[in-house]
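Structure file model.csv (CSV, C-alpha atoms) follows.
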chain,number,residue,atom,x,y,z
D,186,MET,CA,246.1,17.9,241.6
D,187,THR,CA,242.9,19.9,242.1
D,188,SER,CA,242.3,23.2,240.4
D,189,SER,CA,243.1,25.4,243.4
D,190,GLU,CA,244.7,23.5,246.2
D,191,GLY,CA,248.0,22.6,244.7
D,192,ILE,CA,250.1,19.6,245.6
D,193,ALA,CA,253.0,18.8,248.0
D,194,ILE,CA,254.9,15.5,248.1
D,195,GLU,CA,258.1,14.1,249.4
D,196,VAL,CA,260.4,12.8,246.6
D,197,SER,CA,260.1,9.1,246.6
D,198,PRO,CA,262.8,6.6,245.3
D,199,ALA,CA,260.8,6.4,242.1
D,200,LEU,CA,261.1,10.2,241.5
D,201,ALA,CA,264.7,10.6,242.8
D,202,GLY,CA,267.1,11.4,240.0
D,203,ILE,CA,264.4,12.5,237.6
D,204,ARG,CA,264.5,15.9,235.9
D,205,LEU,CA,262.3,18.5,237.6
D,206,ASP,CA,260.2,19.2,234.5
D,207,ARG,CA,259.5,15.5,233.9
D,208,ALA,CA,258.6,15.0,237.6
D,209,VAL,CA,256.2,17.9,237.6
D,210,SER,CA,254.7,16.5,234.4
D,211,MET,CA,254.2,13.1,236.0
D,212,VAL,CA,252.9,14.4,239.3
D,213,VAL,CA,250.5,17.0,238.0
D,214,GLY,CA,249.4,15.1,234.9
D,215,VAL,CA,250.3,17.7,232.3
D,216,SER,CA,252.5,17.8,229.2
D,217,ARG,CA,256.2,18.5,229.6
D,218,SER,CA,255.7,21.9,228.0
D,219,ALA,CA,252.9,22.8,230.5
D,220,ALA,CA,255.2,21.7,233.3
D,221,ARG,CA,257.9,24.1,232.1
D,222,GLU,CA,255.3,26.8,232.0
D,223,LEU,CA,254.6,26.1,235.7
D,224,LEU,CA,258.3,26.4,236.4
D,225,THR,CA,258.5,29.7,234.6
D,226,SER,CA,255.5,31.1,236.5
D,227,SER,CA,257.2,30.3,239.9
D,228,ALA,CA,254.6,27.7,240.7
D,229,VAL,CA,257.1,25.0,241.6
D,230,SER,CA,259.4,24.9,244.7
D,231,LEU,CA,261.8,22.4,246.2
D,232,ASP,CA,262.2,22.5,250.0
D,233,GLY,CA,260.5,25.8,250.1
D,234,VAL,CA,262.7,27.5,247.4
D,235,VAL,CA,261.2,28.5,244.1
D,236,ALA,CA,262.7,26.2,241.4
D,237,LYS,CA,262.8,27.3,237.7
D,238,VAL,CA,265.5,25.1,236.1
D,239,PRO,CA,263.9,22.2,234.2
D,240,SER,CA,267.0,20.0,234.2
D,241,VAL,CA,267.5,20.0,238.0
D,242,LYS,CA,267.5,16.4,239.3
D,243,LEU,CA,265.3,15.6,242.2
D,244,GLU,CA,266.8,14.2,245.4
D,245,LEU,CA,265.3,11.6,247.8
D,246,ASP,CA,263.0,13.1,250.5
D,247,GLN,CA,263.0,16.6,249.0
D,248,LEU,CA,259.7,18.4,249.4
D,249,LEU,CA,258.2,19.1,245.9
D,250,GLU,CA,255.4,21.6,245.8
D,251,VAL,CA,253.4,22.7,242.8
D,252,GLY,CA,250.7,25.3,242.8
D,253,PRO,CA,248.2,26.4,243.7
D,254,MET,CA,246.9,26.7,240.1
D,255,ASP,CA,244.3,29.2,239.1
D,256,ARG,CA,241.3,28.5,236.9
D,257,GLU,CA,243.1,29.5,233.7
D,258,ASP,CA,245.5,26.6,234.3
D,259,LEU,CA,242.6,24.2,233.7
D,260,GLY,CA,242.4,25.3,230.1
D,261,ASP,CA,239.0,25.8,228.4
D,262,GLU,CA,236.1,25.0,230.6
D,263,PRO,CA,233.5,22.5,229.2
D,264,GLY,CA,231.1,24.4,226.9
D,265,SER,CA,229.4,24.5,223.6
D,266,GLY,CA,231.2,25.4,220.3
D,267,PRO,CA,231.1,24.5,216.7
D,268,ALA,CA,229.7,20.9,216.3
D,269,PHE,CA,232.1,18.1,215.5
D,270,ASP,CA,231.4,14.5,214.5
D,271,VAL,CA,232.7,11.5,216.5
D,272,VAL,CA,233.3,8.7,214.1
D,273,TYR,CA,234.5,6.2,216.7
D,274,GLU,CA,234.7,6.0,220.5
D,275,ASP,CA,235.5,3.4,223.2
D,276,GLU,CA,236.8,3.6,226.8
D,277,ALA,CA,240.4,4.5,225.6
D,278,VAL,CA,240.1,6.7,222.5
D,279,VAL,CA,237.8,9.0,220.5
D,280,VAL,CA,238.3,9.7,216.8
D,281,VAL,CA,236.9,13.1,215.8
D,282,ASP,CA,236.1,14.4,212.3
D,283,LYS,CA,236.9,18.1,212.9
D,284,PRO,CA,235.2,20.7,210.8
D,285,ALA,CA,237.0,23.7,209.3
D,286,GLY,CA,236.8,26.7,211.6
D,287,LEU,CA,237.1,24.9,214.9
D,288,VAL,CA,240.2,25.6,216.9
D,289,VAL,CA,241.6,22.4,218.5
D,290,HIS,CA,242.7,23.9,221.9
D,291,GLY,CA,243.1,27.3,223.6
D,292,GLY,CA,246.1,29.5,223.5
D,293,PRO,CA,247.1,33.2,223.5
D,294,GLY,CA,244.0,35.1,222.6
D,295,VAL,CA,241.9,31.9,222.3
D,296,ARG,CA,239.5,31.0,225.1
D,297,GLY,CA,236.5,28.8,224.8
D,298,GLY,CA,234.6,27.4,221.8
D,299,THR,CA,237.4,24.9,221.1
D,300,LEU,CA,237.5,21.2,220.4
D,301,ALA,CA,239.1,20.8,223.8
D,302,SER,CA,236.1,22.4,225.6
D,303,GLY,CA,233.7,20.5,223.4
D,304,LEU,CA,235.4,17.2,224.4
D,305,ARG,CA,235.2,18.0,228.1
D,306,SER,CA,231.5,18.8,227.6
D,307,ARG,CA,230.6,15.7,225.6
D,308,PHE,CA,232.7,13.2,227.5
D,309,SER,CA,232.4,13.6,231.3
D,310,ASP,CA,235.3,11.2,232.0
D,311,ILE,CA,237.7,13.5,230.1
D,312,ASP,CA,236.5,16.5,232.2
D,313,VAL,CA,236.9,14.5,235.4
D,314,ARG,CA,240.4,13.5,234.5
D,315,VAL,CA,241.3,17.1,233.7
D,316,ARG,CA,240.0,18.3,237.0
D,317,SER,CA,241.8,15.6,238.9
D,318,GLY,CA,245.1,16.4,237.1
D,319,ALA,CA,245.2,13.1,235.2
D,320,LEU,CA,244.9,14.8,231.7
D,321,ASP,CA,246.6,17.9,230.4
D,322,PRO,CA,244.2,20.8,231.0
D,323,VAL,CA,245.1,22.7,227.8
D,324,ARG,CA,245.2,19.7,225.5
D,325,PRO,CA,243.1,17.1,227.2
D,326,GLY,CA,244.0,13.8,225.5
D,327,ILE,CA,244.8,15.6,222.2
D,328,ILE,CA,247.7,13.7,220.6
D,329,HIS,CA,248.0,15.8,217.4
D,330,ARG,CA,246.3,18.9,216.1
D,331,LEU,CA,244.9,20.3,212.9
D,332,ASP,CA,245.0,24.0,212.0
D,333,LYS,CA,241.7,26.0,212.4
D,334,GLY,CA,241.1,26.0,208.7
D,335,THR,CA,241.9,22.3,208.2
D,336,SER,CA,239.2,19.7,208.4
D,337,GLY,CA,239.4,16.0,209.0
D,338,LEU,CA,240.4,13.2,211.4
D,339,LEU,CA,242.3,13.3,214.7
D,340,VAL,CA,242.5,10.9,217.6
D,341,VAL,CA,242.0,11.8,221.2
D,342,ALA,CA,243.1,9.7,224.2
D,343,ARG,CA,240.6,9.4,227.1
D,344,THR,CA,243.1,8.0,229.7
D,345,PRO,CA,246.6,8.8,230.8
D,346,GLU,CA,247.7,5.3,229.7
D,347,ALA,CA,246.3,6.0,226.2
D,348,VAL,CA,248.0,9.4,226.1
D,349,GLU,CA,251.4,7.7,226.8
D,350,GLN,CA,250.9,4.9,224.3
D,351,LEU,CA,249.6,7.1,221.5
D,352,GLY,CA,252.3,9.7,222.2
D,353,ASP,CA,254.9,7.0,221.8
D,354,GLN,CA,253.3,6.0,218.5
D,355,MET,CA,253.6,9.6,217.3
D,356,ARG,CA,257.3,9.7,218.2
D,357,ARG,CA,257.8,6.4,216.4
D,358,ARG,CA,255.8,7.7,213.4
D,359,ALA,CA,253.4,4.7,213.8
D,360,ILE,CA,250.4,6.9,213.6
D,361,GLU,CA,249.7,7.4,209.9
D,362,ARG,CA,248.0,10.6,208.7
D,363,ARG,CA,247.1,11.2,205.0
D,364,TYR,CA,245.8,14.5,203.7
D,365,ARG,CA,244.3,15.7,200.4
D,366,ALA,CA,245.1,19.2,199.1
D,367,LEU,CA,244.5,21.2,196.0
D,368,VAL,CA,247.5,23.3,195.1
D,369,TRP,CA,248.2,26.0,192.6
D,370,GLY,CA,250.0,25.0,189.4
D,371,LEU,CA,250.6,21.6,187.7
D,372,ILE,CA,253.1,19.4,189.6
D,373,SER,CA,255.2,17.7,187.0
D,374,ASP,CA,256.3,14.6,189.0
D,375,ASP,CA,253.6,12.0,189.8
D,376,ALA,CA,255.1,11.5,193.3
D,377,GLY,CA,257.8,13.0,195.5
D,378,THR,CA,259.2,13.8,198.9
D,379,ILE,CA,259.8,17.3,200.4
D,380,GLU,CA,262.4,17.2,203.1
D,381,ALA,CA,263.2,20.6,204.6
D,382,PRO,CA,263.5,21.9,208.2
D,383,VAL,CA,260.6,24.0,209.4
D,384,GLY,CA,260.8,26.7,212.1
D,385,ARG,CA,259.6,30.1,213.0
D,386,SER,CA,260.1,32.7,210.3
D,387,VAL,CA,262.7,35.3,211.1
D,388,ARG,CA,260.8,37.9,209.0
D,389,ASN,CA,257.4,37.3,210.4
D,390,ARG,CA,257.2,35.6,213.8
D,391,THR,CA,253.6,34.7,213.3
D,392,LYS,CA,254.5,32.4,210.4
D,393,MET,CA,256.5,29.3,209.9
D,394,ALA,CA,259.1,28.8,207.2
D,395,VAL,CA,261.7,26.6,205.7
D,396,THR,CA,264.8,27.6,207.7
D,397,GLN,CA,268.1,26.0,208.6
D,398,ALA,CA,267.4,26.7,212.2
D,399,GLY,CA,264.1,24.7,212.0
D,400,ARG,CA,263.4,21.1,212.9
D,401,PHE,CA,263.6,18.2,210.6
D,402,ALA,CA,260.4,17.8,208.5
D,403,ARG,CA,259.4,15.4,205.7
D,404,THR,CA,256.3,15.3,203.6
D,405,HIS,CA,255.5,12.7,200.9
D,406,TYR,CA,253.0,13.5,198.1
D,407,ILE,CA,251.3,11.6,195.3
D,408,VAL,CA,249.4,13.4,192.4
D,409,GLU,CA,245.8,12.3,192.2
D,410,ARG,CA,244.7,14.6,189.3
D,411,ARG,CA,245.8,17.6,187.4
D,412,PHE,CA,243.4,20.4,186.3
D,413,PRO,CA,244.9,22.4,183.4
D,414,GLY,CA,243.7,26.0,183.5
D,415,SER,CA,242.9,28.3,180.6
D,416,ASP,CA,245.9,30.4,181.5
D,417,GLY,CA,248.3,27.4,181.3
D,418,GLU,CA,248.8,27.3,185.1
D,419,GLY,CA,246.1,25.1,186.5
D,420,TRP,CA,245.8,23.1,189.7
D,421,THR,CA,246.9,19.8,191.1
D,422,LEU,CA,245.0,17.5,193.6
D,423,VAL,CA,247.5,15.6,195.8
D,424,THR,CA,247.5,13.1,198.6
D,425,LEU,CA,250.1,13.8,201.3
D,426,ARG,CA,251.6,11.6,204.0
D,427,LEU,CA,253.6,13.1,207.0
D,428,ASP,CA,256.6,11.6,208.6
D,429,THR,CA,256.8,14.5,211.0
D,430,GLY,CA,254.2,16.9,212.5
D,431,ARG,CA,255.7,20.4,212.5
D,432,THR,CA,253.4,23.4,212.8
D,433,HIS,CA,252.0,24.3,209.4
D,434,GLN,CA,254.3,21.7,207.8
D,435,ILE,CA,252.2,20.8,204.8
D,436,ARG,CA,251.4,24.4,204.0
D,437,VAL,CA,255.0,25.5,204.4
D,438,HIS,CA,256.4,22.6,202.4
D,439,LEU,CA,254.0,23.0,199.4
D,440,GLY,CA,254.7,26.7,199.4
D,441,ALA,CA,258.4,26.0,199.3
D,442,ILE,CA,258.1,24.0,196.1
D,443,GLN,CA,256.0,26.8,194.5
D,444,HIS,CA,252.8,24.9,194.7
D,445,PRO,CA,251.0,26.5,197.7
D,446,ILE,CA,247.6,25.3,198.8
D,447,VAL,CA,244.5,26.9,197.2
D,448,GLY,CA,242.8,29.2,199.7
D,449,ASP,CA,245.8,29.6,202.0
D,450,ALA,CA,246.1,33.3,202.4
D,451,THR,CA,249.1,33.0,204.8
D,452,TYR,CA,251.4,30.9,202.6
D,453,GLY,CA,249.9,31.2,199.2
D,454,PRO,CA,249.2,33.8,196.5
D,455,ARG,CA,246.1,36.0,196.7
D,456,HIS,CA,244.7,34.7,193.4
D,457,ASP,CA,241.0,34.3,192.8
D,458,ILE,CA,240.0,31.1,194.4
D,459,PRO,CA,237.9,28.5,192.5
D,460,GLY,CA,234.4,28.4,194.0
D,461,SER,CA,235.1,31.3,196.4
D,462,LEU,CA,236.7,28.9,198.9
D,463,ALA,CA,236.9,30.6,202.3
D,464,ARG,CA,239.7,28.4,203.8
D,465,PRO,CA,242.7,26.3,202.7
D,466,PHE,CA,241.9,23.3,200.6
D,467,LEU,CA,243.4,20.8,203.1
D,468,HIS,CA,241.6,17.8,204.6
D,469,ALA,CA,242.9,15.0,206.8
D,470,GLY,CA,241.1,12.2,205.1
D,471,ARG,CA,242.8,9.1,206.5
D,472,LEU,CA,244.0,8.1,209.9
D,473,SER,CA,245.5,4.8,211.3
D,474,PHE,CA,247.0,3.8,214.6
D,475,ASP,CA,247.5,0.9,216.9
D,476,HIS,CA,244.8,0.8,219.6
D,477,PRO,CA,246.4,1.6,222.9
D,478,ASP,CA,244.7,-1.3,224.7
D,479,SER,CA,244.3,-4.1,222.2
D,480,GLY,CA,247.2,-3.3,219.9
D,481,CYS,CA,244.9,-3.8,216.9
D,482,ARG,CA,245.4,-1.6,213.9
D,483,MET,CA,242.6,1.0,213.6
D,484,GLU,CA,241.9,2.7,210.3
D,485,PHE,CA,239.5,5.5,209.5
D,486,SER,CA,238.6,7.6,206.5
D,487,SER,CA,236.7,10.9,205.9
D,488,ASP,CA,235.2,12.1,202.7
D,489,LEU,CA,235.9,15.7,201.5
D,490,PRO,CA,233.5,18.1,203.1
D,491,SER,CA,231.0,19.8,200.8
D,492,ASP,CA,232.9,23.1,200.4
D,493,LEU,CA,236.0,21.3,199.1
D,494,ALA,CA,234.0,18.8,197.0
D,495,ALA,CA,232.2,21.7,195.3
D,496,VAL,CA,235.6,23.2,194.3
D,497,LEU,CA,236.6,20.0,192.6
D,498,SER,CA,233.3,19.7,190.9
D,499,GLY,CA,233.7,23.2,189.5
D,500,LEU,CA,237.1,22.4,188.1
D,501,SER,CA,236.0,19.1,186.6
D,502,ASP,CA,233.1,20.9,184.8
D,503,ALA,CA,235.3,23.7,183.6

Write-out of the structure in structure tokens:
Amino acid sequence: MTSSEGIAIEVSPALAGIRLDRAVSMVVGVSRSAARELLTSSAVSLDGVVAKVPSVKLELDQLLEVGPMDREDLGDEPGSGPAFDVVYEDEAVVVVDKPAGLVVHGGPGVRGGTLASGLRSRFSDIDVRVRSGALDPVRPGIIHRLDKGTSGLLVVARTPEAVEQLGDQMRRRAIERRYRALVWGLISDDAGTIEAPVGRSVRNRTKMAVTQAGRFARTHYIVERRFPGSDGEGWTLVTLRLDTGRTHQIRVHLGAIQHPIVGDATYGPRHDIPGSLARPFLHAGRLSFDHPDSGCRMEFSSDLPSDLAAVLSGLSDA
């Protein structure tokens, strides 16, 4: 699909019987959530009638029309933004070491200067596939995300086939992500698992929380080192592994066990922060996945950035 012309096709035997939102996702080359947004915005019609129900099944020879789409539907245009390191690239994937402060993709109130726009600027094939409709315009090839204040590794798919394969690995929990975090207080157990549903907070809709209405979430942790404080409280450095990838999952789970991440003003206490840290002490330090083409296991690691390393150094010298 082009950015302004829209698309019109007759439903083929391959599409007949498929849910409308899935069909739009396939035809336009966007995520299922982006397809539902097109339905909500009255951009989809069947046989000339606006269609908004995602679960409607397509019928053979129906006329499916989508669009036209305006420029905002293409997400962030290619452009400069905060620098990011590419630690690996080939024709199918890119592995990025994201710095803290860089937003992964646009959203409400966020336009430009994102990792998504930087990827489109740096890799012309990604931009071409966005403009042709082969990649999601909002999250072009982005399989998983990191919060703005979180640094570290993430994998980006460069082709629709890689998006599908890596997306399947995410669903099967075959992509392994390990994080390092410094938390308030001394965790007594050397290892543990936090299993609690995470969803939108009913008290503050801008925050996530442990709630019975939330989605299943599980986080494993291992204590690396404890730093006793002069006040008897101290800090703990932990390694974390996710089985699920809910929004703010690590931050919510650690806060729920009364060990919030140092520097996290949203889910933690407003204590004095060691080393005047300006963001949460959370870094995605290890990433592994099966290559979408070869099937070979790929493993990557990233050292703590200088601001986090300085905090640890200060605690060690105290």

Q) Any idea what's packed within 8 Å of stretch 414-420 of chain D, counting all atoms listed in the file, ignoring anything in its chain fewer than 2 positions away? Could you give it as a VMD selection string? A) chain D and resid 367 to 371 411 to 412 422

What are the nearest atom pairs, with distances in Å to one decimal, for all residues of stretch 344-411 of chain D that come at most 12 Å from stretch 198-221 of chain D, using all atoms listed in the file, set out by chain and rising residue number as JSON lines?
{"residue": "D:Thr344", "atom": "CA", "partner": "D:Gly214", "partner_atom": "CA", "distance": 10.8}
{"residue": "D:Pro345", "atom": "CA", "partner": "D:Gly214", "partner_atom": "CA", "distance": 8.0}
{"residue": "D:Glu346", "atom": "CA", "partner": "D:Gly214", "partner_atom": "CA", "distance": 11.2}
{"residue": "D:Val348", "atom": "CA", "partner": "D:Ser216", "partner_atom": "CA", "distance": 10.0}
{"residue": "D:Glu349", "atom": "CA", "partner": "D:Ser216", "partner_atom": "CA", "distance": 10.4}
{"residue": "D:Gly352", "atom": "CA", "partner": "D:Ser216", "partner_atom": "CA", "distance": 10.7}

Selected residues, C-alpha atoms, written as a short mmCIF file (atom, residue, chain, number, x, y, z; two decimals), in the frame of the given file, please.
data_model
loop_
_atom_site.label_atom_id
_atom_site.label_comp_id
_atom_site.auth_asym_id
_atom_site.auth_seq_id
_atom_site.Cartn_x
_atom_site.Cartn_y
_atom_site.Cartn_z
CA THR D 344 243.10 8.00 229.70
CA PRO D 345 246.60 8.80 230.80
CA GLU D 346 247.70 5.30 229.70
CA VAL D 348 248.00 9.40 226.10
CA GLU D 349 251.40 7.70 226.80
CA GLY D 352 252.30 9.70 222.20
#

**Q.** Which residue of D:His438, D:His290, D:Arg426, D:Arg464 approaches D:Ala450 most closely, using all atoms listed in the file
**A.**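 For D:Ala450, the nearest of the candidates is D:Arg464.
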
Q.
So that I can check the surroundings of stretch 332-334 of chain D, please list as a PyMOL selection string every protein, DNA and RNA residue that reaches within 10 Å of it, counting all atoms listed in the file and ignoring chain neighbours fewer than 4 positions away.
A. chain D and resi 283-290+299+432-433+448-449+463-468

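Comparing the minimum interatomic distances between D:Phe485 and each of D:Pro413, D:Leu339, D:Thr391, D:Val238, counting all atoms listed in the file, we find that D:Leu339 sits nearest.
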
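Interatomic distance, atom CA of D:Tyr364 to atom CA of D:Ser487: 10.0 Å.
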
Q. Residues at most 12 Å from D:Gln434, counting all atoms listed in the file, excluding those fewer than 4 positions away in the same chain, as number ranges by chain?
A. D: 330-332, 364, 379-385, 392-395, 399-405, 425-430, 438-441, 445-446, 452, 467

(Q) Counting all atoms listed in the file, find residues at most 10 Å from (243.5, 15.1, 217.8) (file frame) and give them as a VMD selection string. (A) chain D and resid 279 to 283 289 to 290 300 to 301 324 to 331 337 to 342

Q: Tell me, in Å to one decimal, how far atom CA of D:Leu248 is from atom CA of D:Val313.
A: 27.0 Å

Q | atom CA of D:Gly252 to atom CA of D:Arg305, straight-line distance in Å | A |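 One can read the atom CA of D:Arg305 to atom CA of D:Gly252 distance as 22.6 Å.
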